[in-house]
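Accompanying notes for the structure given below.
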Amino acid sequence: MRNSANTRFDMAAPMGAHMAEVTLIDALTMAMAWELEHDPRVIVLGEDVGVNGGVFRATAGLQQKFGVDRVQDTPLAEGMIAGISIGMAAQGMRPIAEIQFMGFIYPTVDQIINHAGRMRNRTRGRLTCPMVLRAPFGGGIHAPEHHSESTESLFAHMPGVRVVIPSSPTRAYGLLLAAIRDPDPVVFLEPKRIYRLNKQDVEDNGKALPLDVCYVLREGSDVTVVTWGAMTFETLKAVDQLARKGIRCDVIDLATISPIDYETILESVQKTGRLVIVHEAARTCGVGAEIAAIVAEKGMYDLQGPIRRVTGYDVVMPLFRREMDYMPSVGKIIDVIQESLED
Amino acid sequence: METIADFEVQYSQFLSPEGKPSADIPALATDTEKLLDMYRLMTETRVFDTKAINLQRTGKLGTYASCLGHEAAHVGIAAAMRPDDVLAPSYREYGAMLCRGVTMAEILLYWGGDERGSDYAGPRNDFPLCVPIATQCLHAAGAAMAFQLRGEDRCAISINGDGGTSEGAFYEAMNVAGARNLPVVFMVVNNKWAISVPIEMQTATKTLAQKAVAAGIPGIQVDGNDIIAVRHWVERALQRARNGEGACLIEAVTYRLSDHTTADDSSRYRKKEEVEAARTVEPLIRIRQYLTDLGIWDEQKEAALLDEAAAKVDAAVEQYLHTPKPDIESMFDHMYAQWPEQLEEQRQHAIRYGSTDGGSHG
């Protein structure tokens with residue numbers, strides 16, 4: 001897939017190049033409000049999304065503005081939330097379902113893999129499933145047990161399901177609009193550690209970004225660094241520090257975890273000859289493994305050294321006193337990028 | 001101590017196994033046009049079912065789940081529905097599906113391994129067969145929520161079996177339907193067996209209808225071999241739902257006279273005598289006797305109906321057997337509304353290596 005230049009190069013880099021306007025979570029609220037306003041088929045549902053505005057406040061003010069029918073608190077059962085969303089979507093609605101934390105998303109897996117991802121195919125397009133399953137994910141906020149994991153690869157493995165992860169307010173707004181408007185199910189995972197980390201000017205103009213494209217956040221010819229979600233921040237910090245030493249990296253925010261825009265990655269590797277993948281999720285069968293496999297298959301002869309990964313470890317996510325030691329850090333990323341240059 | 005909540009479960013049967021009407025039988029029992037129509041559908045369903053098993057045994061159909069003995073429950077449910085209502089069945093409710101306008105050829109295509117069997121020309125909004133147990137209950141609840149949000153007076157019905165009542169999705173669907181007053185009817189067709197597990201091992205409750213109590217919705221038990229009882233109570237339930245009175249649960253008690261599927265051998269786990277006893281109270285006997293007693297049915301009409309049903313089934317089988325395999329690329333064509341170009345290489349690969357033979361069945 002060929003990206004158009006304007007979507008591919010995100011000039012509004014997330015490190016404060018612009019005056020602060022809205023946070024990533026504000027941008028999500030704006031996107032939902034826009035769609036609720038402009039598409040009567042859209043409804044928001046989930047646990048505590050109504051009066052409370054969601055435990056992270058992603059739906060703050062929406063029930064007051066759009067009423068209890070369009071922004072509904074549900075009983076506490078995640079599999080049910082996914083199942084009724086599928087039922088609604090198949091009958092002409094566009095539900096946006098919130099799962100409170102990714103740690104509670106697993107009861108939805110039955111519905112997502114057995115129905116959401118299959119409905120269009122198994123009915124030859126007679127019934128479809130245009131729904132969004134939103135969930136905050138990832139560590140680093142000192143949350144209780146089960147609140148910090150990154151298991152995006154579970155959903156990336158499901159045919160018929162798109163997986164999207166924004167990493168800036170601009171992309172949060174444009175990608176959520178795209179996810180809501182997409183005629184197929186989208187699992188939309190929100191890096192909660194950066195919900196309020198910085199602000200960006202986001203124009204509330206209802207313009208969606210394309211799905212299936214990566215975003216090049218920095219350009220350089222030495223190393224290609226692919227990342228997504230909250231790890232975009234550590235990666236940019238690491239890359240900006242290296243830039244002061246004269247090491248220039250391409251930084252690619254994957255954004256759409258499934259299907260992956262391989263072309264942008266391969267093009268970059270062709271230029272740099274080196275690939276480092278950074279993700280918070282555990283290493284084995286992480287999305288990084290798929291990216292590495294694709295580059296090995298299609299870009300092997302462009303590589304000047306082995307592909308390297310900086311990831312979470314294959315262990316249970318530690319409770320918060322040690323959670324930062326689990327995650328890729330700026331130091332770890334810098335070291336691995338430098339190692340890759342020694343090949 | 002005081003009692004702050006209690007419950008009772010009503011049971012309804014209008015036609016005895018011998019076809020004798022009860023004193024309180026509803027007006028439906030005198031509507032000969034409706035009765036004859038339902039009897040025709042029940043008979044066609046049985047002839048179809050017998051043929052489908054034969055097709056499987058002769059290698060012309062894949063694994064097939066028989067509906068033998070469920071004809072009253074299945075036809076009765078769908079006969080009570082309006083065309084614009086939505087059905088979310090499990091996987092053996094052919095009587096209901098045929099009544100809704102799904103064709104026999106479509107059902108055969110599905111069990112013959114072809115997705116086009118779920119692309120119904122008739123009831124375009126009905127959910128397809130659902131194999132993961134009780135997951136469809138939530139789709140019915142979601143459909144009902146869509147109708148409620150749009151202010152439509154349509155209803156949804158899900159059907160699952162006795163085993164399905166042990167699933168979380170079944171309870172979760174009833175619970176949200178109760179909490180949101182959704183226009184949905186949950187049908188449990190209790191055929192006493194979940195493959196090899198008898199109902200006594202599935203639950204300690206005396207009825208499955210009482211599972212509704214915990215969700216705060218009404219639940220009743222009806223004789224699932226009595227089509228007048230099934231249709232009557234489903235009609236009442238739909239009327240309630242349409243009037244904004246919310247969801248309910250109906251348990252239709254019947255018996256699975258067949259194996260679970262053609263891949264099952266029920267002689268491994270249940271006694272022949274039990275099946276033989278159930279056969280004497282099966283649903284076609286009593287409605288046929290009742291129609292005969294009304295003076296609107298006789299052996300001649302029966303023979304003619306069986307001939308017509310056989311011809312209909314044969315035509316469907318011909319249509320099924322003469323439907324060519326789907327194109328290789330069809331496995332890709334319906335995955336996404338917008339085909340991700342990243343996957344084009346895989347599509348081309350499948351086309352390049354795809355078999356070009358005419359296809360086998362089963």
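How things are named: the first chain in the structure tokens is A, the next is B, and so on; residues count from 1 in each chain; ligands count from 1 in the order shown.
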
Interface list for chain B, partner chain A, 10 Å threshold, only C-alpha atoms, as a count of residues only = 59

request  = Give me the residues within 8 Å of segment 188-203 of chain B as a PyMOL selection string, counting only C-alpha atoms and dropping any in the same chain fewer than 5 places off.
outcome  = chain B and resi 70+73+159-163+165-166+208+224+249-256+259-260+264+266+269-270

remark   = Counting only C-alpha atoms, the residue among B:Asp153, B:Glu344, B:Asp24, B:Asp6 that lies closest to Arg242 of chain B is B:Asp153

task = Run DSSP on the backbone of this structure and report the residues of segment 167-344 of chain B it assigns to strand (DSSP E), as a list in words.
result =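 Strand (DSSP E) members of segment 167-344 of chain B, listed: Val184, Val185, Phe186, Met187, Val188, Val189, Asn190, Trp193, Ala194, Val197, Pro198, Gly219, Ile220, Gln221, Val222, Asp223, Cys248, Leu249, Ile250, Glu251, Ala252 and Val253 of chain B.
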
Export C-alpha atoms of the chosen residues as a PDB file, in the first residue's frame?
```pdb
ATOM      1  CA  VAL B 184     -36.092 -10.217  22.782  1.00  0.00           C
ATOM      2  CA  VAL B 185     -37.294 -13.753  23.464  1.00  0.00           C
ATOM      3  CA  PHE B 186     -34.809 -16.386  24.585  1.00  0.00           C
ATOM      4  CA  MET B 187     -35.887 -19.844  23.504  1.00  0.00           C
ATOM      5  CA  VAL B 188     -34.362 -22.872  25.142  1.00  0.00           C
ATOM      6  CA  VAL B 189     -35.178 -26.023  23.255  1.00  0.00           C
ATOM      7  CA  ASN B 190     -34.479 -28.570  25.956  1.00  0.00           C
ATOM      8  CA  TRP B 193     -29.073 -34.204  25.860  1.00  0.00           C
ATOM      9  CA  ALA B 194     -25.995 -32.039  25.190  1.00  0.00           C
ATOM     10  CA  VAL B 197     -24.387 -35.176  28.848  1.00  0.00           C
ATOM     11  CA  PRO B 198     -27.939 -35.549  30.151  1.00  0.00           C
ATOM     12  CA  GLY B 219     -39.715 -17.726  32.284  1.00  0.00           C
ATOM     13  CA  ILE B 220     -42.179 -20.443  31.383  1.00  0.00           C
ATOM     14  CA  GLN B 221     -41.921 -24.067  30.383  1.00  0.00           C
ATOM     15  CA  VAL B 222     -44.004 -25.445  27.550  1.00  0.00           C
ATOM     16  CA  ASP B 223     -44.375 -28.843  25.969  1.00  0.00           C
ATOM     17  CA  CYS B 248     -38.725 -13.425  28.499  1.00  0.00           C
ATOM     18  CA  LEU B 249     -37.453 -16.978  28.439  1.00  0.00           C
ATOM     19  CA  ILE B 250     -39.404 -19.937  27.097  1.00  0.00           C
ATOM     20  CA  GLU B 251     -38.208 -23.465  27.680  1.00  0.00           C
ATOM     21  CA  ALA B 252     -39.657 -25.886  25.152  1.00  0.00           C
ATOM     22  CA  VAL B 253     -39.199 -29.437  26.386  1.00  0.00           C
TER      23      VAL B 253
END
```

inquiry  = Please determine, counting only C-alpha atoms, which residue among B:Ala215, B:Ile77, B:Leu61, B:Leu68 has the shortest atom-to-atom distance to Arg279 of chain B.
reply    =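 Closest residue, counting only C-alpha atoms: B:Leu68.
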
message = Show me, as a list in words, the residues that have an atom within 7 Å of segment 36-42 of chain B when counting only C-alpha atoms, minus same-chain residues fewer than 4 positions from it.
response =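 The residues satisfying every condition are Thr32, Arg46, Glu71, Ala72, Val75, Gly95 and Cys99 of chain B.
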
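For Gln56 of chain B, the residues within 10 Å (counting only C-alpha atoms, excluding itself and residues fewer than 2 positions away along the chain) are Lys51, Ala52, Ile53, Asn54, Thr58, Gly59, Lys60, Leu61, Gly62, Thr63, Tyr64, Trp111, Gly112, Thr262, Ala263, His361 and Gly362 of chain B.
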
query = Counting only C-alpha atoms, which of A:Arg322, A:Arg309, A:Lys245, A:His157 gets nearest to Ala282 of chain A?
reply = A:Arg309

request  = Write out as an NGL selection string which residues come within 8 Å of Thr224 of chain A when counting only C-alpha atoms, dropping same-chain ones fewer than 6 positions away.
outcome  = :A and (249-252 or 265 or 268-269 or 272-276)

Selection near Lys192 of chain A, 7 Å with only C-alpha atoms, sequence-local residues under 5 positions removed, as a PyMOL selection string = chain A and resi 136-138

ask   = Which of segment 233-326 of chain B counts as helix (DSSP H, G or I) under DSSP, as an NGL selection string please?
value = :B and (233-242 or 266-268 or 272-279 or 283-294 or 299-321)
